[in-house]
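Structure first, commentary second.
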Amino acid sequence: MLDDETPGAWAPGGAARWWLHHSLAALTGDLRSLGVPLTIRRGAGQAVIRDLVAETGARAVHASFSPEPWARQRFRATAEALTPLGARLRLFRGASLFPPDRIRTRGDGAFSVFTPFAKACLALPKPPPPLPAPVHIAAAAAVDSLPESAWDLLPRHPDWAGGLRAAWVPGEREAQQRLAAFAAGAADRYAERRDFPHDDGTSMLSPHLKHGEISAGRIWHTIHAGVPGDSRDTFARELLWREFFIHRLWHHPAMPEEPSRPEFAAMPWRNDPVALEAWRRGRTGYPIVDAGMRQLWSAGWMHNRVRMIVASFLTKHLLIDWREGQRWFWDTLVDADLANNAGNWQWVAGCGADAAPWFRVFNPVLQGRKFDPDGLYIRRFVPELAHLDARLIHTPWDAGTVYPAPIVDLPAGRARALAAFAACRRAGPS
DNA sequence: TGAAATGTTGGGGCG
DNA sequence: ACGCCCCAACATTTC
């Protein structure tokens, strides 16, 4: 079922739709081998499910929980619509590690700080081990189904998905293989390598996880079965950050729209379409930022360290609203997820519940030197700088190379950001 | 999961 | 030999 109506502005973006198309194609094949047809429908979720239950006489609908405000509303409406049909809706933890209603503060509220949240998670019973895949499913009678093409998920004019095809293979089989390869390979040294974007030191499981091709529980179990201490704990912590933002969105449905810290409502964000477009296209003049934005545009994905750098650059040096960045990521990331996109943008922008402080401003030159010391990442995504040696590649304006001039002066941009926050803190409701 | 400004310390050059 | 200065290295504070 593709529901473009209920989510409103947060219907899946372009890159996620591309992924979904191929993920479903893979799922169709997997189900065929079990002798089960995939039924494809389109429309408002609640009505589609109700009709399907009426047609099949199903007595239960099993679904994965998800924290989006529109999804919660859809679950509620669906459950109500099923009652007169004698069917019920059963929700499962799905892609999260812990049932959302199990994680509570002592005062029975939502957590706003990550560390106590993580502690509370670790105090819960461990996620149960994943069940083996079924070898047989009793197929229901076939009902009407749209052809896959009716979803119209792939880009055509132009077809910008070439980079995605080169980078990814959607589907459960590939998700399992990627997890197995990560667990047997890079996971061992995840703690040391994960911050270097040229290095394949991360799992790259995020789009598979996002699209339900693999569960967080399975990843958790695999990592805890075979990865040594430091890297295991560091990786598990990243899964818990994901869990934290799911928790936050569940309790604070306005997270994608409104800063969690009220004083940020008065922040004097700049309206600068030219700078915003330079950022989107990877033409800011700062190589590590441009490399990241071009990786995003071509592969639909960006290394986590670089996501932080480009987000800091947009919200601090350019003083552009984090929601502009969130929106661009939403449309371009194959792993675009409402809770994690909003949560991480608010984290970098300093306006989240448990966020990095506003004054933590990444200097893109220093970050580039630190995390891409040989310029390998930049060479890969910014080929016009590939000929520069490592000493100059982070500051092409010193190299006499033809390259976009920096769109903002770093010390000036930093000072402007600090001043803007000081002013908004004076003005705002604290 | 910073960076820049400011403060402190200690070694060495030098008058 | 001694004090003075310089400054790099490191630590602390501030944004």
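The way I read the labels, and the way they are meant: chains A, B, ... in the order of the structure tokens, residue 1 as the first residue of every chain, and ligand 1 as the first ligand shown, with later ones counted on from there.
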
For DG10 (chain B), work out the shell of residues within 12 Å, counting only C-alpha atoms (C1' of nucleotides) and skipping chain neighbours fewer than 5 positions away, then give it as an mmCIF file with N, CA and C atoms (P, O5', C5', C4', C3', O3' and C1' of nucleotides), in the first residue's frame.
data_model
loop_
_atom_site.group_PDB
_atom_site.id
_atom_site.type_symbol
_atom_site.label_atom_id
_atom_site.label_comp_id
_atom_site.auth_asym_id
_atom_site.auth_seq_id
_atom_site.Cartn_x
_atom_site.Cartn_y
_atom_site.Cartn_z
ATOM 1 P P DC C 6 59.765 39.209 23.945
ATOM 2 O "O5'" DC C 6 59.818 37.829 23.160
ATOM 3 C "C5'" DC C 6 61.046 37.423 22.560
ATOM 4 C "C4'" DC C 6 60.920 35.977 22.130
ATOM 5 C "C3'" DC C 6 59.550 35.626 21.550
ATOM 6 O "O3'" DC C 6 59.746 35.036 20.273
ATOM 7 C "C1'" DC C 6 60.165 34.079 23.274
ATOM 8 P P DC C 7 58.503 34.904 19.247
ATOM 9 O "O5'" DC C 7 58.080 33.400 19.470
ATOM 10 C "C5'" DC C 7 59.081 32.379 19.490
ATOM 11 C "C4'" DC C 7 58.485 31.127 20.075
ATOM 12 C "C3'" DC C 7 57.011 30.892 19.672
ATOM 13 O "O3'" DC C 7 56.854 29.530 19.344
ATOM 14 C "C1'" DC C 7 57.247 30.721 21.985
ATOM 15 P P DA C 8 56.187 29.127 17.950
ATOM 16 O "O5'" DA C 8 56.215 27.534 18.055
ATOM 17 C "C5'" DA C 8 57.406 26.887 18.491
ATOM 18 C "C4'" DA C 8 57.069 25.899 19.582
ATOM 19 C "C3'" DA C 8 55.813 25.067 19.315
ATOM 20 O "O3'" DA C 8 56.123 23.709 19.599
ATOM 21 C "C1'" DA C 8 55.670 26.107 21.445
ATOM 22 P P DA C 9 55.171 22.541 19.203
ATOM 23 O "O5'" DA C 9 54.591 22.107 20.611
ATOM 24 C "C5'" DA C 9 55.487 21.771 21.668
ATOM 25 C "C4'" DA C 9 54.677 21.611 22.935
ATOM 26 C "C3'" DA C 9 53.356 20.848 22.724
ATOM 27 O "O3'" DA C 9 53.306 19.803 23.675
ATOM 28 C "C1'" DA C 9 52.981 22.894 23.863
ATOM 29 P P DC C 10 52.187 18.690 23.603
ATOM 30 O "O5'" DC C 10 51.226 19.092 24.799
ATOM 31 C "C5'" DC C 10 51.807 19.326 26.089
ATOM 32 C "C4'" DC C 10 50.880 20.215 26.883
ATOM 33 C "C3'" DC C 10 49.439 19.707 26.964
ATOM 34 O "O3'" DC C 10 49.167 19.342 28.305
ATOM 35 C "C1'" DC C 10 49.560 22.055 26.690
#

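Residues in contact range of Leu2 (chain A), defined as at most 12 Å between only C-alpha atoms (C1' of nucleotides), with sequence neighbours fewer than 6 positions away removed, read A:Ala11, A:Pro12, A:Arg17, A:Leu20, A:His21, A:Leu24, A:Thr39, A:Ile40, A:Arg41, A:Arg42, A:Gly43, A:Ala44, A:Gly45, A:Gln46, A:Ala47, A:Val48, A:Ile49, A:Leu146, A:Glu148, A:Ala150, A:Trp151, A:Asp152, A:Leu153.
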
Would you write out those residues with N, CA and C atoms, as a PDB file, in the first residue's frame?
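Result written to again-v6.pdb:
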ATOM      1  N   ALA A  11       5.122  12.723   2.811  1.00  0.00           N
ATOM      2  CA  ALA A  11       5.104  11.564   1.918  1.00  0.00           C
ATOM      3  C   ALA A  11       6.545  11.279   1.495  1.00  0.00           C
ATOM      4  N   PRO A  12       6.875  10.016   1.198  1.00  0.00           N
ATOM      5  CA  PRO A  12       8.268   9.681   0.896  1.00  0.00           C
ATOM      6  C   PRO A  12       8.855  10.585  -0.198  1.00  0.00           C
ATOM      7  N   ARG A  17      11.524   6.887  -2.647  1.00  0.00           N
ATOM      8  CA  ARG A  17      10.579   6.226  -3.563  1.00  0.00           C
ATOM      9  C   ARG A  17      11.321   5.284  -4.510  1.00  0.00           C
ATOM     10  N   LEU A  20      12.030   2.284  -2.514  1.00  0.00           N
ATOM     11  CA  LEU A  20      10.807   1.512  -2.265  1.00  0.00           C
ATOM     12  C   LEU A  20      10.418   0.677  -3.483  1.00  0.00           C
ATOM     13  N   HIS A  21      10.555   1.255  -4.650  1.00  0.00           N
ATOM     14  CA  HIS A  21      10.230   0.509  -5.868  1.00  0.00           C
ATOM     15  C   HIS A  21      11.024  -0.795  -5.935  1.00  0.00           C
ATOM     16  N   LEU A  24      10.249  -3.353  -3.192  1.00  0.00           N
ATOM     17  CA  LEU A  24       9.020  -4.110  -3.443  1.00  0.00           C
ATOM     18  C   LEU A  24       9.206  -5.138  -4.538  1.00  0.00           C
ATOM     19  N   THR A  39      -0.169  -8.122  -2.756  1.00  0.00           N
ATOM     20  CA  THR A  39      -1.290  -7.287  -3.175  1.00  0.00           C
ATOM     21  C   THR A  39      -0.898  -5.824  -3.075  1.00  0.00           C
ATOM     22  N   ILE A  40      -1.068  -5.124  -4.175  1.00  0.00           N
ATOM     23  CA  ILE A  40      -0.632  -3.736  -4.236  1.00  0.00           C
ATOM     24  C   ILE A  40      -1.848  -2.823  -4.326  1.00  0.00           C
ATOM     25  N   ARG A  41      -1.905  -1.860  -3.418  1.00  0.00           N
ATOM     26  CA  ARG A  41      -2.991  -0.874  -3.436  1.00  0.00           C
ATOM     27  C   ARG A  41      -2.402   0.509  -3.237  1.00  0.00           C
ATOM     28  N   ARG A  42      -3.233   1.482  -3.500  1.00  0.00           N
ATOM     29  CA  ARG A  42      -2.779   2.857  -3.373  1.00  0.00           C
ATOM     30  C   ARG A  42      -3.930   3.696  -2.841  1.00  0.00           C
ATOM     31  N   GLY A  43      -3.622   4.625  -1.918  1.00  0.00           N
ATOM     32  CA  GLY A  43      -4.668   5.503  -1.408  1.00  0.00           C
ATOM     33  C   GLY A  43      -4.508   5.746   0.076  1.00  0.00           C
ATOM     34  N   ALA A  44      -5.526   6.360   0.683  1.00  0.00           N
ATOM     35  CA  ALA A  44      -5.479   6.645   2.111  1.00  0.00           C
ATOM     36  C   ALA A  44      -5.481   5.328   2.875  1.00  0.00           C
ATOM     37  N   GLY A  45      -4.494   5.147   3.734  1.00  0.00           N
ATOM     38  CA  GLY A  45      -4.237   3.852   4.340  1.00  0.00           C
ATOM     39  C   GLY A  45      -5.427   3.233   5.027  1.00  0.00           C
ATOM     40  N   GLN A  46      -6.120   4.026   5.783  1.00  0.00           N
ATOM     41  CA  GLN A  46      -7.221   3.520   6.570  1.00  0.00           C
ATOM     42  C   GLN A  46      -8.296   2.895   5.669  1.00  0.00           C
ATOM     43  N   ALA A  47      -8.634   3.585   4.571  1.00  0.00           N
ATOM     44  CA  ALA A  47      -9.669   3.081   3.662  1.00  0.00           C
ATOM     45  C   ALA A  47      -9.181   1.847   2.905  1.00  0.00           C
ATOM     46  N   VAL A  48      -7.922   1.866   2.503  1.00  0.00           N
ATOM     47  CA  VAL A  48      -7.376   0.732   1.754  1.00  0.00           C
ATOM     48  C   VAL A  48      -7.406  -0.526   2.606  1.00  0.00           C
ATOM     49  N   ILE A  49      -6.960  -0.399   3.852  1.00  0.00           N
ATOM     50  CA  ILE A  49      -6.928  -1.564   4.740  1.00  0.00           C
ATOM     51  C   ILE A  49      -8.351  -2.060   5.026  1.00  0.00           C
ATOM     52  N   LEU A 146      -3.067  -3.808  -7.980  1.00  0.00           N
ATOM     53  CA  LEU A 146      -2.520  -2.961  -9.039  1.00  0.00           C
ATOM     54  C   LEU A 146      -1.211  -3.570  -9.528  1.00  0.00           C
ATOM     55  N   GLU A 148       2.737  -3.234 -10.387  1.00  0.00           N
ATOM     56  CA  GLU A 148       3.775  -2.438  -9.740  1.00  0.00           C
ATOM     57  C   GLU A 148       3.936  -1.059 -10.386  1.00  0.00           C
ATOM     58  N   ALA A 150       1.871   0.933 -11.371  1.00  0.00           N
ATOM     59  CA  ALA A 150       0.876   1.926 -10.983  1.00  0.00           C
ATOM     60  C   ALA A 150       1.374   2.830  -9.864  1.00  0.00           C
ATOM     61  N   TRP A 151       2.440   2.417  -9.204  1.00  0.00           N
ATOM     62  CA  TRP A 151       2.937   3.246  -8.116  1.00  0.00           C
ATOM     63  C   TRP A 151       3.694   4.449  -8.603  1.00  0.00           C
ATOM     64  N   ASP A 152       4.304   4.291  -9.777  1.00  0.00           N
ATOM     65  CA  ASP A 152       4.984   5.423 -10.390  1.00  0.00           C
ATOM     66  C   ASP A 152       6.052   5.998  -9.464  1.00  0.00           C
ATOM     67  N   LEU A 153       6.938   5.132  -9.012  1.00  0.00           N
ATOM     68  CA  LEU A 153       7.909   5.528  -7.993  1.00  0.00           C
ATOM     69  C   LEU A 153       9.257   5.951  -8.567  1.00  0.00           C
TER      70      LEU A 153
END

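The protein and nucleic acid residues lying at most 12 Å from DC14 (chain B) are DC2, DG3, DC4, DC5 and DC6 of chain C, with only C-alpha atoms (C1' of nucleotides) considered and sequence neighbours fewer than 3 positions away removed.
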
Sorted per-residue table, chain A near chain C, closest atoms and distance, 12 Å, only C-alpha atoms (C1' of nucleotides), as JSON lines:
{"residue": "A:Pro357", "atom": "CA", "partner": "C:DC15", "partner_atom": "C1'", "distance": 10.0}
{"residue": "A:Trp358", "atom": "CA", "partner": "C:DC15", "partner_atom": "C1'", "distance": 9.1}
{"residue": "A:Phe359", "atom": "CA", "partner": "C:DC15", "partner_atom": "C1'", "distance": 5.8}
{"residue": "A:Arg360", "atom": "CA", "partner": "C:DC15", "partner_atom": "C1'", "distance": 8.4}
{"residue": "A:Val361", "atom": "CA", "partner": "C:DC15", "partner_atom": "C1'", "distance": 9.8}
{"residue": "A:Arg414", "atom": "CA", "partner": "C:DC15", "partner_atom": "C1'", "distance": 10.0}
{"residue": "A:Ala415", "atom": "CA", "partner": "C:DC15", "partner_atom": "C1'", "distance": 9.3}
{"residue": "A:Arg416", "atom": "CA", "partner": "C:DC15", "partner_atom": "C1'", "distance": 11.8}
{"residue": "A:Ala417", "atom": "CA", "partner": "C:DC15", "partner_atom": "C1'", "distance": 10.5}
{"residue": "A:Leu418", "atom": "CA", "partner": "C:DC15", "partner_atom": "C1'", "distance": 7.2}
{"residue": "A:Ala419", "atom": "CA", "partner": "C:DC15", "partner_atom": "C1'", "distance": 9.7}
{"residue": "A:Phe421", "atom": "CA", "partner": "C:DC15", "partner_atom": "C1'", "distance": 10.6}
{"residue": "A:Ala422", "atom": "CA", "partner": "C:DC15", "partner_atom": "C1'", "distance": 9.9}

Report as a PDB file with N, CA and C atoms, in the first residue's frame: the residues of region 12-155 of chain A with a DSSP assignment of strand (DSSP E), based on the backbone of this structure.
ATOM      1  N   ALA A  60      -7.565 -10.262  11.376  1.00  0.00           N
ATOM      2  CA  ALA A  60      -6.556  -9.434  12.041  1.00  0.00           C
ATOM      3  C   ALA A  60      -5.655  -8.780  10.997  1.00  0.00           C
ATOM      4  N   VAL A  61      -5.200  -7.603  11.332  1.00  0.00           N
ATOM      5  CA  VAL A  61      -4.208  -6.912  10.518  1.00  0.00           C
ATOM      6  C   VAL A  61      -2.974  -6.727  11.387  1.00  0.00           C
ATOM      7  N   HIS A  62      -1.861  -7.262  10.926  1.00  0.00           N
ATOM      8  CA  HIS A  62      -0.611  -7.121  11.670  1.00  0.00           C
ATOM      9  C   HIS A  62       0.225  -6.042  11.007  1.00  0.00           C
ATOM     10  N   ALA A  63       0.730  -5.118  11.808  1.00  0.00           N
ATOM     11  CA  ALA A  63       1.486  -4.009  11.228  1.00  0.00           C
ATOM     12  C   ALA A  63       2.648  -3.645  12.142  1.00  0.00           C
ATOM     13  N   SER A  64       3.658  -3.041  11.555  1.00  0.00           N
ATOM     14  CA  SER A  64       4.775  -2.539  12.342  1.00  0.00           C
ATOM     15  C   SER A  64       4.433  -1.165  12.879  1.00  0.00           C
ATOM     16  N   ARG A  88      -9.207  -6.983  14.053  1.00  0.00           N
ATOM     17  CA  ARG A  88      -8.460  -6.078  14.924  1.00  0.00           C
ATOM     18  C   ARG A  88      -7.069  -5.803  14.364  1.00  0.00           C
ATOM     19  N   LEU A  89      -6.565  -4.659  14.804  1.00  0.00           N
ATOM     20  CA  LEU A  89      -5.232  -4.242  14.376  1.00  0.00           C
ATOM     21  C   LEU A  89      -4.233  -4.627  15.450  1.00  0.00           C
ATOM     22  N   ARG A  90      -3.174  -5.336  15.052  1.00  0.00           N
ATOM     23  CA  ARG A  90      -2.134  -5.703  16.013  1.00  0.00           C
ATOM     24  C   ARG A  90      -0.819  -5.058  15.595  1.00  0.00           C
ATOM     25  N   LEU A  91      -0.268  -4.251  16.509  1.00  0.00           N
ATOM     26  CA  LEU A  91       0.973  -3.535  16.209  1.00  0.00           C
ATOM     27  C   LEU A  91       2.157  -4.242  16.840  1.00  0.00           C
ATOM     28  N   PHE A  92       3.260  -4.288  16.109  1.00  0.00           N
ATOM     29  CA  PHE A  92       4.494  -4.894  16.620  1.00  0.00           C
ATOM     30  C   PHE A  92       5.602  -3.855  16.622  1.00  0.00           C
TER      31      PHE A  92
END

Sorted per-residue table, chain B near chain A, closest atoms and distance, 12 Å, only C-alpha atoms (C1' of nucleotides), as a Markdown table:
| residue | atom | partner | partner_atom | distance |
| --- | --- | --- | --- | --- |
| B:DT1 | C1' | A:Arg305 | CA | 8.3 |
| B:DG2 | C1' | A:Arg360 | CA | 5.2 |
| B:DA3 | C1' | A:Val361 | CA | 7.0 |
| B:DA4 | C1' | A:Pro411 | CA | 9.6 |

Please, could you write that set of residues out with C-alpha atoms (C1' of nucleotides) as a JSON list (two decimals), in the first residue's frame?
[["chain", "number", "residue", "atom", "x", "y", "z"],
["B", 1, "DT", "C1'", 30.55, 13.50, 18.30],
["B", 2, "DG", "C1'", 34.44, 21.91, 18.73],
["B", 3, "DA", "C1'", 36.93, 25.88, 17.92],
["B", 4, "DA", "C1'", 39.03, 29.98, 19.27]]

- Message: Could you tell me how far CA of Ile407 (chain A) sits from CA of Gly285 (chain A), in Å to one decimal place?
- Response: 6.3 Å

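CA of Tyr286 (chain A) lies 13.0 Å from CA of Thr401 (chain A).
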